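Asker: Have a look at the structure that comes next, please.
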Amino acid sequence: MPFEGSCHCGAVTFSVDADAPTSAKSCNCSHCRRKGFLWAFFPREVFGLKSGEDVLTSYGFGRRIIDHVFCSRCGTQAFALGTAPGGAETAAINLRCVPDIDLDALKIERVDGARY
Ligand SMILES: [Zn+2]
């Protein structure tokens, strides 16, 4: 069943045409640790931005292979868009921005992003 998420102020809303994940990736890199992301990755084609394109702004760093877009009103980064190593267009969803997901029930997979 598709699930939906949003930034804090509600300007940015999106839907993902996939079942809500039961696990999330928690990464210890300099960016993820500061923002506290809980990521789940999907093919880009199941991701749909429903509103907020006009308020999205982007934070680029490092090799800039990932578009870290966030809401310019409330500062929330609800998702990121990038290309997987194999070339597949990917949407990474910050599960903290999906109200229907019980964060405490997620199986957390640790990612050692600090190594790279
Ligand atoms: Zn917002």
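Labels for the structure tokens follow display order: chains A, B, ..., residues from 1 in each chain, ligands from 1.
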Just the alpha helix (DSSP H) stuff from chain A, please, per backbone DSSP, written as a ChimeraX atom specification.
Answerer: /A:30-35
Asker: For A:Phe70, work out the shell of residues within 10 Å, counting only C-alpha atoms and skipping chain neighbours fewer than 5 positions away, then give it as a ChimeraX atom specification.
Answerer: /A:7,12,52,55-59,75-80
Asker: Please produce an output containing all heavy atoms for each residue in the selection, written as a JSON list (two decimals), in the first residue's frame.
Answerer:
[["chain", "number", "residue", "atom", "x", "y", "z"],
["A", 7, "CYS", "N", 7.15, 17.45, 4.90],
["A", 7, "CYS", "CA", 8.04, 18.23, 5.76],
["A", 7, "CYS", "C", 7.24, 18.69, 6.98],
["A", 7, "CYS", "O", 6.06, 18.40, 7.11],
["A", 7, "CYS", "CB", 8.62, 19.41, 4.99],
["A", 7, "CYS", "SG", 7.40, 20.67, 4.57],
["A", 12, "VAL", "N", 5.83, 20.71, 1.67],
["A", 12, "VAL", "CA", 6.36, 19.63, 0.83],
["A", 12, "VAL", "C", 5.66, 18.33, 1.19],
["A", 12, "VAL", "O", 5.71, 17.89, 2.34],
["A", 12, "VAL", "CB", 7.89, 19.47, 1.03],
["A", 12, "VAL", "CG1", 8.42, 18.30, 0.21],
["A", 12, "VAL", "CG2", 8.61, 20.76, 0.66],
["A", 52, "GLY", "N", 5.06, 21.37, -3.20],
["A", 52, "GLY", "CA", 6.22, 21.99, -2.58],
["A", 52, "GLY", "C", 7.42, 22.19, -3.47],
["A", 52, "GLY", "O", 8.46, 22.64, -2.99],
["A", 55, "VAL", "N", 9.15, 25.46, -2.99],
["A", 55, "VAL", "CA", 9.84, 25.83, -1.74],
["A", 55, "VAL", "C", 11.07, 24.96, -1.48],
["A", 55, "VAL", "O", 11.80, 25.17, -0.52],
["A", 55, "VAL", "CB", 8.91, 25.76, -0.50],
["A", 55, "VAL", "CG1", 7.77, 26.75, -0.64],
["A", 55, "VAL", "CG2", 8.41, 24.36, -0.27],
["A", 56, "LEU", "N", 11.30, 23.97, -2.36],
["A", 56, "LEU", "CA", 12.45, 23.10, -2.16],
["A", 56, "LEU", "C", 13.75, 23.81, -2.52],
["A", 56, "LEU", "O", 13.82, 24.52, -3.52],
["A", 56, "LEU", "CB", 12.32, 21.83, -3.01],
["A", 56, "LEU", "CG", 11.35, 20.77, -2.51],
["A", 56, "LEU", "CD1", 11.23, 19.65, -3.53],
["A", 56, "LEU", "CD2", 11.79, 20.21, -1.16],
["A", 57, "THR", "N", 14.75, 23.63, -1.72],
["A", 57, "THR", "CA", 16.08, 24.11, -2.04],
["A", 57, "THR", "C", 17.04, 22.96, -1.77],
["A", 57, "THR", "O", 16.67, 21.97, -1.17],
["A", 57, "THR", "CB", 16.42, 25.39, -1.24],
["A", 57, "THR", "OG1", 17.65, 25.91, -1.72],
["A", 57, "THR", "CG2", 16.51, 25.11, 0.23],
["A", 58, "SER", "N", 18.27, 23.08, -2.26],
["A", 58, "SER", "CA", 19.15, 21.93, -2.23],
["A", 58, "SER", "C", 20.44, 22.23, -1.49],
["A", 58, "SER", "O", 20.97, 23.34, -1.55],
["A", 58, "SER", "CB", 19.46, 21.51, -3.67],
["A", 58, "SER", "OG", 20.27, 20.35, -3.66],
["A", 59, "TYR", "N", 20.92, 21.24, -0.78],
["A", 59, "TYR", "CA", 22.21, 21.33, -0.12],
["A", 59, "TYR", "C", 23.16, 20.34, -0.78],
["A", 59, "TYR", "O", 22.92, 19.14, -0.75],
["A", 59, "TYR", "CB", 22.05, 21.02, 1.37],
["A", 59, "TYR", "CG", 23.35, 20.97, 2.14],
["A", 59, "TYR", "CD1", 24.22, 22.05, 2.13],
["A", 59, "TYR", "CD2", 23.71, 19.85, 2.87],
["A", 59, "TYR", "CE1", 25.41, 22.01, 2.83],
["A", 59, "TYR", "CE2", 24.89, 19.80, 3.59],
["A", 59, "TYR", "CZ", 25.74, 20.89, 3.55],
["A", 59, "TYR", "OH", 26.92, 20.84, 4.24],
["A", 75, "GLY", "N", 12.89, 23.87, 6.94],
["A", 75, "GLY", "CA", 14.22, 23.27, 7.05],
["A", 75, "GLY", "C", 14.25, 21.76, 7.03],
["A", 75, "GLY", "O", 15.32, 21.17, 7.09],
["A", 76, "THR", "N", 13.09, 21.12, 6.94],
["A", 76, "THR", "CA", 13.04, 19.66, 6.99],
["A", 76, "THR", "C", 13.52, 19.03, 5.68],
["A", 76, "THR", "O", 13.07, 19.43, 4.61],
["A", 76, "THR", "CB", 11.60, 19.18, 7.25],
["A", 76, "THR", "OG1", 11.11, 19.82, 8.43],
["A", 76, "THR", "CG2", 11.53, 17.67, 7.40],
["A", 77, "GLN", "N", 14.41, 18.06, 5.80],
["A", 77, "GLN", "CA", 14.76, 17.27, 4.62],
["A", 77, "GLN", "C", 14.03, 15.95, 4.69],
["A", 77, "GLN", "O", 14.37, 15.06, 5.47],
["A", 77, "GLN", "CB", 16.27, 17.02, 4.52],
["A", 77, "GLN", "CG", 16.57, 16.29, 3.22],
["A", 77, "GLN", "CD", 18.04, 16.03, 2.99],
["A", 77, "GLN", "OE1", 18.91, 16.61, 3.64],
["A", 77, "GLN", "NE2", 18.32, 15.13, 2.04],
["A", 78, "ALA", "N", 13.01, 15.82, 3.86],
["A", 78, "ALA", "CA", 12.16, 14.63, 3.89],
["A", 78, "ALA", "C", 12.64, 13.54, 2.95],
["A", 78, "ALA", "O", 12.27, 12.38, 3.12],
["A", 78, "ALA", "CB", 10.72, 15.02, 3.55],
["A", 79, "PHE", "N", 13.46, 13.90, 1.96],
["A", 79, "PHE", "CA", 13.95, 12.90, 1.01],
["A", 79, "PHE", "C", 15.20, 13.43, 0.33],
["A", 79, "PHE", "O", 15.56, 14.60, 0.46],
["A", 79, "PHE", "CB", 12.87, 12.56, -0.02],
["A", 79, "PHE", "CG", 12.40, 13.73, -0.84],
["A", 79, "PHE", "CD1", 13.02, 14.07, -2.02],
["A", 79, "PHE", "CD2", 11.32, 14.50, -0.41],
["A", 79, "PHE", "CE1", 12.60, 15.16, -2.77],
["A", 79, "PHE", "CE2", 10.88, 15.60, -1.14],
["A", 79, "PHE", "CZ", 11.52, 15.93, -2.33],
["A", 80, "ALA", "N", 15.87, 12.55, -0.38],
["A", 80, "ALA", "CA", 17.02, 12.91, -1.20],
["A", 80, "ALA", "C", 16.92, 12.14, -2.49],
["A", 80, "ALA", "O", 16.36, 11.04, -2.53],
["A", 80, "ALA", "CB", 18.32, 12.56, -0.48]]
Asker: Do you know which residues are within 6 Å of ligand 1 using only C-alpha atoms and all ligand atoms? Can you write them as a ChimeraX atom specification?
Answerer: /A:7-12,71,73-74,76
Asker: What's the 12 Å shell around A:Ile101, counting only C-alpha atoms, without same-chain residues fewer than 6 positions away, as a VMD selection string?
Answerer: chain A and resid 3 to 5 19 to 24 38 40 94 to 95 107
Asker: Please write the residues from the selection above to a file, keeping C-alpha atoms, as a PDB file, in the first residue's frame.
Answerer:
ATOM      1  CA  PHE A   3       2.487   5.692   1.908  1.00  0.00           C
ATOM      2  CA  GLU A   4       2.820   9.434   2.240  1.00  0.00           C
ATOM      3  CA  GLY A   5       5.107  11.880   3.971  1.00  0.00           C
ATOM      4  CA  ASP A  19       4.672  -0.829   0.950  1.00  0.00           C
ATOM      5  CA  ALA A  20       5.921   1.083   3.979  1.00  0.00           C
ATOM      6  CA  PRO A  21       9.308  -0.340   4.962  1.00  0.00           C
ATOM      7  CA  THR A  22       9.881  -2.243   8.187  1.00  0.00           C
ATOM      8  CA  SER A  23      13.579  -1.411   8.350  1.00  0.00           C
ATOM      9  CA  ALA A  24      15.660   1.727   7.981  1.00  0.00           C
ATOM     10  CA  LEU A  38      16.363   7.129   9.020  1.00  0.00           C
ATOM     11  CA  ALA A  40      14.722   3.815   3.094  1.00  0.00           C
ATOM     12  CA  ASN A  94      13.641  10.029   5.460  1.00  0.00           C
ATOM     13  CA  LEU A  95      11.222   7.791   7.347  1.00  0.00           C
ATOM     14  CA  LYS A 107      14.637  -2.622  12.348  1.00  0.00           C
TER      15      LYS A 107
END
Asker: Using DSSP assignments from the backbone, pull out every residue in chain A that falls under strand (DSSP E or B) and give it to me as a PyMOL selection string.
Answerer: chain A and resi 3-6+13-16+23-27+39-43+47-51+56-59+66-71+79-83+89-94+107-111
Asker: Name all residues at most 10 Å from A:Val16 (count only C-alpha atoms; drop same-chain ones fewer than 3 positions away) and give them as a list in words.
Answerer: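 After dropping sequence-adjacent residues, the list is Met1, Pro2, Phe3, Glu4, Gly5, Asp19, Ala20, Phe42, Pro43, Arg44, Glu45, Val46, Phe47, Gly48, Leu49, Ala91 and Ile93 of chain A.
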Asker: Tell me, in Å to one decimal, how far atom CA of A:Thr83 is from atom CA of A:Lys50.
Answerer: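 Taking atom CA of A:Thr83 as the start and atom CA of A:Lys50 as the end point, the length is 21.2 Å.
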